[in-house]
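Listing of work.cif, mmCIF, C-alpha atoms
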```cif
data_data
#
loop_
_atom_site.group_PDB
_atom_site.id
_atom_site.type_symbol
_atom_site.label_atom_id
_atom_site.label_comp_id
_atom_site.auth_asym_id
_atom_site.auth_seq_id
_atom_site.Cartn_x
_atom_site.Cartn_y
_atom_site.Cartn_z
ATOM 1 C CA GLN G 1 0.000 0.000 0.000
ATOM 2 C CA LEU G 2 1.432 3.336 -1.075
ATOM 3 C CA GLN G 3 1.357 5.964 1.643
ATOM 4 C CA LEU G 4 2.674 9.470 2.163
ATOM 5 C CA VAL G 5 2.633 11.094 5.591
ATOM 6 C CA GLU G 6 3.382 14.774 6.113
ATOM 7 C CA SER G 7 4.551 16.370 9.336
ATOM 8 C CA GLY G 8 6.298 19.477 10.555
ATOM 9 C CA GLY G 9 3.524 22.012 10.250
ATOM 10 C CA GLY G 10 2.593 24.424 12.994
ATOM 11 C CA LEU G 11 2.230 28.033 14.010
ATOM 12 C CA VAL G 12 5.094 30.355 13.107
ATOM 13 C CA GLN G 13 5.546 34.121 13.133
ATOM 14 C CA PRO G 14 6.016 36.069 9.910
ATOM 15 C CA GLY G 15 9.632 35.844 8.817
ATOM 16 C CA GLY G 16 10.077 32.503 10.525
ATOM 17 C CA SER G 17 10.956 29.095 9.128
ATOM 18 C CA LEU G 18 9.544 25.596 9.102
ATOM 19 C CA ARG G 19 10.708 22.314 7.635
ATOM 20 C CA LEU G 20 8.019 19.954 6.434
ATOM 21 C CA SER G 21 8.656 16.240 6.044
ATOM 22 C CA CYS G 22 6.966 13.720 3.784
ATOM 23 C CA VAL G 23 7.673 10.101 4.650
ATOM 24 C CA VAL G 24 6.724 7.598 1.954
ATOM 25 C CA SER G 25 6.071 3.886 2.278
ATOM 26 C CA GLY G 26 5.073 1.131 -0.098
ATOM 27 C CA PHE G 27 7.458 2.545 -2.710
ATOM 28 C CA THR G 28 10.827 4.278 -2.839
ATOM 29 C CA LEU G 29 11.762 7.798 -3.836
ATOM 30 C CA ASP G 30 13.424 6.322 -6.931
ATOM 31 C CA ASP G 31 10.004 5.226 -8.191
ATOM 32 C CA TYR G 32 8.126 8.512 -8.467
ATOM 33 C CA ALA G 33 8.658 12.223 -8.500
ATOM 34 C CA ILE G 34 7.330 13.839 -5.335
ATOM 35 C CA GLY G 35 5.564 17.162 -5.207
ATOM 36 C CA TRP G 36 4.520 19.573 -2.507
ATOM 37 C CA PHE G 37 1.219 21.396 -2.802
ATOM 38 C CA ARG G 38 -0.829 23.675 -0.605
ATOM 39 C CA GLN G 39 -4.420 24.726 -0.201
ATOM 40 C CA ALA G 40 -5.604 27.757 1.692
ATOM 41 C CA PRO G 41 -9.201 28.118 2.904
ATOM 42 C CA GLY G 42 -11.480 29.047 0.042
ATOM 43 C CA LYS G 43 -8.716 28.715 -2.534
ATOM 44 C CA GLU G 44 -7.717 26.100 -5.053
ATOM 45 C CA ARG G 45 -4.865 23.716 -4.391
ATOM 46 C CA GLU G 46 -1.617 24.990 -5.901
ATOM 47 C CA GLY G 47 1.757 23.536 -6.643
ATOM 48 C CA VAL G 48 4.715 24.544 -4.512
ATOM 49 C CA SER G 49 7.674 22.394 -5.529
ATOM 50 C CA CYS G 50 8.712 18.995 -6.840
ATOM 51 C CA ILE G 51 11.744 16.733 -6.972
ATOM 52 C CA SER G 52 12.370 14.135 -9.647
ATOM 53 C CA SER G 53 12.652 10.422 -8.976
ATOM 54 C CA SER G 54 16.399 10.639 -9.614
ATOM 55 C CA GLY G 55 16.618 13.434 -7.080
ATOM 56 C CA GLY G 56 18.640 15.437 -9.537
ATOM 57 C CA SER G 57 15.976 17.850 -10.717
ATOM 58 C CA THR G 58 13.742 20.212 -8.818
ATOM 59 C CA ASN G 59 11.152 22.781 -9.771
ATOM 60 C CA TYR G 60 9.357 25.497 -7.885
ATOM 61 C CA GLY G 61 6.081 27.296 -8.228
ATOM 62 C CA GLY G 62 6.033 31.056 -8.087
ATOM 63 C CA VAL G 63 4.997 31.066 -4.440
ATOM 64 C CA ALA G 64 8.168 29.222 -3.469
ATOM 65 C CA LEU G 65 10.877 30.874 -5.532
ATOM 66 C CA GLY G 66 13.715 32.148 -3.418
ATOM 67 C CA ARG G 67 12.163 31.105 -0.125
ATOM 68 C CA PHE G 68 11.508 27.357 -0.208
ATOM 69 C CA THR G 69 13.881 24.478 -0.860
ATOM 70 C CA ILE G 70 12.951 20.883 -1.588
ATOM 71 C CA SER G 71 15.309 18.024 -0.796
ATOM 72 C CA ARG G 72 15.208 14.351 0.022
ATOM 73 C CA ASP G 73 16.890 11.654 2.095
ATOM 74 C CA ASN G 74 16.691 8.304 0.327
ATOM 75 C CA ALA G 75 17.763 6.346 3.410
ATOM 76 C CA LYS G 76 14.808 7.778 5.322
ATOM 77 C CA ASN G 77 12.358 7.660 2.399
ATOM 78 C CA THR G 78 11.668 11.285 3.187
ATOM 79 C CA VAL G 79 11.218 14.431 1.137
ATOM 80 C CA TYR G 80 11.622 17.775 2.880
ATOM 81 C CA LEU G 81 10.347 21.255 2.191
ATOM 82 C CA GLN G 82 12.384 23.935 3.934
ATOM 83 C CA MET G 83 10.359 27.124 4.109
ATOM 84 C CA ASN G 84 12.044 30.386 5.060
ATOM 85 C CA ASN G 85 10.819 33.956 5.403
ATOM 86 C CA LEU G 86 7.271 32.767 5.830
ATOM 87 C CA LYS G 87 4.435 35.172 5.199
ATOM 88 C CA PRO G 88 0.811 35.179 6.383
ATOM 89 C CA GLU G 89 -0.255 34.294 2.842
ATOM 90 C CA ASP G 90 1.680 31.024 3.175
ATOM 91 C CA THR G 91 -0.951 29.850 5.638
ATOM 92 C CA ALA G 92 -2.442 26.672 4.195
ATOM 93 C CA VAL G 93 -2.618 22.916 4.469
ATOM 94 C CA TYR G 94 0.483 21.495 2.808
ATOM 95 C CA PHE G 95 0.322 18.153 1.013
ATOM 96 C CA CYS G 96 2.888 15.908 -0.575
ATOM 97 C CA ALA G 97 2.019 13.616 -3.446
ATOM 98 C CA ALA G 98 3.550 11.035 -5.777
ATOM 99 C CA ASP G 99 3.538 11.600 -9.539
ATOM 100 C CA THR G 100 2.729 8.364 -11.351
ATOM 101 C CA ILE G 101 2.593 9.963 -14.827
ATOM 102 C CA THR G 102 6.110 11.306 -15.289
ATOM 103 C CA THR G 103 8.335 8.460 -16.442
ATOM 104 C CA ARG G 104 11.588 10.332 -16.989
ATOM 105 C CA GLN G 105 13.666 10.144 -13.862
ATOM 106 C CA ASP G 106 15.226 13.552 -14.455
ATOM 107 C CA MET G 107 11.954 15.432 -14.644
ATOM 108 C CA CYS G 108 9.233 16.652 -12.370
ATOM 109 C CA ALA G 109 6.417 19.120 -12.830
ATOM 110 C CA VAL G 110 4.631 21.449 -10.472
ATOM 111 C CA ARG G 111 1.100 20.735 -11.602
ATOM 112 C CA LEU G 112 -1.813 18.876 -10.104
ATOM 113 C CA TRP G 113 -2.617 16.253 -12.712
ATOM 114 C CA GLY G 114 -0.618 13.071 -12.634
ATOM 115 C CA TYR G 115 -0.151 13.085 -8.877
ATOM 116 C CA GLU G 116 -2.126 10.035 -7.922
ATOM 117 C CA TYR G 117 -1.172 9.367 -4.310
ATOM 118 C CA TRP G 118 -1.577 12.033 -1.646
ATOM 119 C CA GLY G 119 -0.857 12.462 2.009
ATOM 120 C CA GLN G 120 -3.353 13.801 4.518
ATOM 121 C CA GLY G 121 -1.698 17.197 4.793
ATOM 122 C CA THR G 122 -0.120 19.260 7.538
ATOM 123 C CA GLN G 123 -1.355 22.690 8.633
ATOM 124 C CA VAL G 124 0.963 25.673 8.414
ATOM 125 C CA THR G 125 -0.201 28.890 10.035
ATOM 126 C CA VAL G 126 1.831 32.074 9.748
ATOM 127 C CA SER G 127 0.616 34.684 12.172
ATOM 128 C CA SER G 128 1.879 37.098 14.775
#
```
Starting from the file, lay out its structure as structure tokens.
Amino acid sequence: QLQLVESGGGLVQPGGSLRLSCVVSGFTLDDYAIGWFRQAPGKEREGVSCISSSGGSTNYGGVALGRFTISRDNAKNTVYLQMNNLKPEDTAVYFCAADTITTRQDMCAVRLWGYEYWGQGTQVTVSS
């Protein structure tokens, strides 16, 4: 059974940092590209970042450029999202997901379609 479990969310002040974790089971990080997404109340889910199944390629959505960094630890089957300089508009539920459509190991895409398996999400609240 393929599973993804996010953790690391919480309440942080504007300008602060958080590191989210996505632990996968039932497959390895070499099998699928992994993406991070977020959804704020009343808004559509949007792509944040992704890392290819080779681990060698990453992409970022506009909301993440210059502030967020995606990485992974194969030994721990974990993908991380380091978020710095957080803003109130970053408040959302953050999800990780596995892309079962992209077959090239050196590619990943920050888009919703093709991500078949999703975690339950972790809440990030940025507020003073």
Next on the checklist: Rounded to one decimal, what separation in Å do you get between atom CA of Val93 of chain G and atom CA of Arg67 of chain G?
Outcome noted: 17.5 Å
Item to check | Point (11.0, 11.9, -15.0) neighbourhood (12 Å, only C-alpha atoms) written as a list of chain:residue names | outcome: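 Here the neighbourhood of the point contains G:Leu29, G:Asp30, G:Asp31, G:Tyr32, G:Ala33, G:Ile34, G:Cys50, G:Ile51, G:Ser52, G:Ser53, G:Ser54, G:Gly55, G:Gly56, G:Ser57, G:Thr58, G:Ala98, G:Asp99, G:Thr100, G:Ile101, G:Thr102, G:Thr103, G:Arg104, G:Gln105, G:Asp106, G:Met107, G:Cys108, G:Ala109, G:Gly114.
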Could the residues in this selection be written to a file with C-alpha atoms, as a compact mmCIF listing (two decimals), keeping the file's coordinate frame?
```txt
# COMPACT_ATOMS: atom_id res chain seq x y z
CA LEU G 29 11.76 7.80 -3.84
CA ASP G 30 13.42 6.32 -6.93
CA ASP G 31 10.00 5.23 -8.19
CA TYR G 32 8.13 8.51 -8.47
CA ALA G 33 8.66 12.22 -8.50
CA ILE G 34 7.33 13.84 -5.34
CA CYS G 50 8.71 19.00 -6.84
CA ILE G 51 11.74 16.73 -6.97
CA SER G 52 12.37 14.14 -9.65
CA SER G 53 12.65 10.42 -8.98
CA SER G 54 16.40 10.64 -9.61
CA GLY G 55 16.62 13.43 -7.08
CA GLY G 56 18.64 15.44 -9.54
CA SER G 57 15.98 17.85 -10.72
CA THR G 58 13.74 20.21 -8.82
CA ALA G 98 3.55 11.04 -5.78
CA ASP G 99 3.54 11.60 -9.54
CA THR G 100 2.73 8.36 -11.35
CA ILE G 101 2.59 9.96 -14.83
CA THR G 102 6.11 11.31 -15.29
CA THR G 103 8.34 8.46 -16.44
CA ARG G 104 11.59 10.33 -16.99
CA GLN G 105 13.67 10.14 -13.86
CA ASP G 106 15.23 13.55 -14.46
CA MET G 107 11.95 15.43 -14.64
CA CYS G 108 9.23 16.65 -12.37
CA ALA G 109 6.42 19.12 -12.83
CA GLY G 114 -0.62 13.07 -12.63
```
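Nearest-residue note for Gln1 of chain G: choosing from G:Val126, G:Leu18, G:Glu44, G:Tyr117, the minimum distance belongs to G:Tyr117, counting only C-alpha atoms.
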Matched chain/residue IDs from the PyMOL selection byres ((chain G and resi 11) around 6), as an mmCIF file with C-alpha atoms, keeping the file's coordinate frame:
```cif
data_model
loop_
_atom_site.group_PDB
_atom_site.id
_atom_site.type_symbol
_atom_site.label_atom_id
_atom_site.label_comp_id
_atom_site.auth_asym_id
_atom_site.auth_seq_id
_atom_site.Cartn_x
_atom_site.Cartn_y
_atom_site.Cartn_z
ATOM 1 C CA GLY G 10 2.593 24.424 12.994
ATOM 2 C CA VAL G 12 5.094 30.355 13.107
ATOM 3 C CA THR G 125 -0.201 28.890 10.035
ATOM 4 C CA VAL G 126 1.831 32.074 9.748
#
```
Checklist entry - Which value, in Å to one decimal, gives the distance between atom CA of Val63 of chain G and atom CA of Pro14 of chain G? => result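 Interatomic distance here is 15.2 Å.
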Checklist entry - Pick the closest to Gly35 of chain G from G:Ser128, G:Cys22, G:Lys87, G:Ala97: which is it, counting only C-alpha atoms? => result G:Ala97
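Shell of Thr78 of chain G at 12 Å, with all atoms listed in the file counted and residues fewer than 4 places along the chain excluded, is Gln3, Leu4, Val5, Glu6, Ser7, Arg19, Leu20, Ser21, Cys22, Val23, Val24, Ser25, Phe27, Thr28, Leu29, Asp30, Ile34, Gly35, Ile51, Gly55, Ile70, Ser71, Arg72, Asp73, Asn74, Cys96 and Ala97 of chain G.
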Please evaluate the PyMOL selection byres ((chain G and resi 49) around 7) against the structure above and give the resulting residues as a PDB file with C-alpha atoms, keeping the file's coordinate frame.
```pdb
ATOM      1  CA  GLY G  35       5.564  17.162  -5.207  1.00  0.00           C
ATOM      2  CA  TRP G  36       4.520  19.573  -2.507  1.00  0.00           C
ATOM      3  CA  GLY G  47       1.757  23.536  -6.643  1.00  0.00           C
ATOM      4  CA  VAL G  48       4.715  24.544  -4.512  1.00  0.00           C
ATOM      5  CA  CYS G  50       8.712  18.995  -6.840  1.00  0.00           C
ATOM      6  CA  ASN G  59      11.152  22.781  -9.771  1.00  0.00           C
ATOM      7  CA  TYR G  60       9.357  25.497  -7.885  1.00  0.00           C
ATOM      8  CA  GLY G  61       6.081  27.296  -8.228  1.00  0.00           C
ATOM      9  CA  ILE G  70      12.951  20.883  -1.588  1.00  0.00           C
ATOM     10  CA  VAL G 110       4.631  21.449 -10.472  1.00  0.00           C
TER      11      VAL G 110
END
```
Item to check | Selected residue, from G:Gly16, G:Tyr80, G:Leu112, G:Ala92, that lies nearest to Gly42 of chain G when counting all atoms listed in the file | outcome: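 Closest candidate: G:Ala92.
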Next on the checklist: Using only C-alpha atoms for the distances, tell me which of G:Thr69, G:Gly26, G:Gly119, G:Lys76 is nearest to Phe95 of chain G.
Outcome noted: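 Among G:Thr69, G:Gly26, G:Gly119, G:Lys76, it is G:Gly119 that comes nearest to Phe95 of chain G.
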Next on the checklist: Measuring between only C-alpha atoms, which one of G:Leu81, G:Gly62, G:Phe68, G:Phe37 shows the shortest distance to Tyr94 of chain G?
Outcome noted: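 Counting only C-alpha atoms, the residue closest to Tyr94 of chain G is G:Phe37.
Here atom CA of Val79 of chain G and atom CA of Gly8 of chain G stand 11.8 Å from one another.
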Next on the checklist: For the PyMOL selection byres ((chain G and resi 85) around 6), applied here, can you spell out every residue it catches as a VMD selection string?
Outcome noted: chain G and resid 15 to 16 84 86
Please produce a file of those selected residues containing C-alpha atoms, as a compact mmCIF listing (two decimals), keeping the file's coordinate frame.
```
# COMPACT_ATOMS: atom_id res chain seq x y z
CA GLY G 15 9.63 35.84 8.82
CA GLY G 16 10.08 32.50 10.52
CA ASN G 84 12.04 30.39 5.06
CA LEU G 86 7.27 32.77 5.83
```
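Near Thr91 of chain G, within 9 Å and counting all atoms listed in the file, sit Arg38, Gln39, Ala40, Pro41, Gln123, Val124, Thr125, Val126 and Ser127 of chain G; same-chain residues fewer than 6 positions away were not included.
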Write a file of the just-selected residues containing C-alpha atoms, as a short mmCIF file (atom, residue, chain, number, x, y, z; two decimals), in the coordinates of the input.
```cif
data_model
loop_
_atom_site.label_atom_id
_atom_site.label_comp_id
_atom_site.auth_asym_id
_atom_site.auth_seq_id
_atom_site.Cartn_x
_atom_site.Cartn_y
_atom_site.Cartn_z
CA ARG G 38 -0.83 23.68 -0.60
CA GLN G 39 -4.42 24.73 -0.20
CA ALA G 40 -5.60 27.76 1.69
CA PRO G 41 -9.20 28.12 2.90
CA GLN G 123 -1.36 22.69 8.63
CA VAL G 124 0.96 25.67 8.41
CA THR G 125 -0.20 28.89 10.04
CA VAL G 126 1.83 32.07 9.75
CA SER G 127 0.62 34.68 12.17
#
```
Edge lengths and centre in Å to one decimal, as lines of an AutoDock Vina configuration file, of the axis-aligned box that encloses all listed atoms of segment 83-97 of chain G with 5 Å added on every side?
```
center_x = 4.7
center_y = 24.4
center_z = 1.5
size_x = 24.7
size_y = 31.6
size_z = 19.8
```
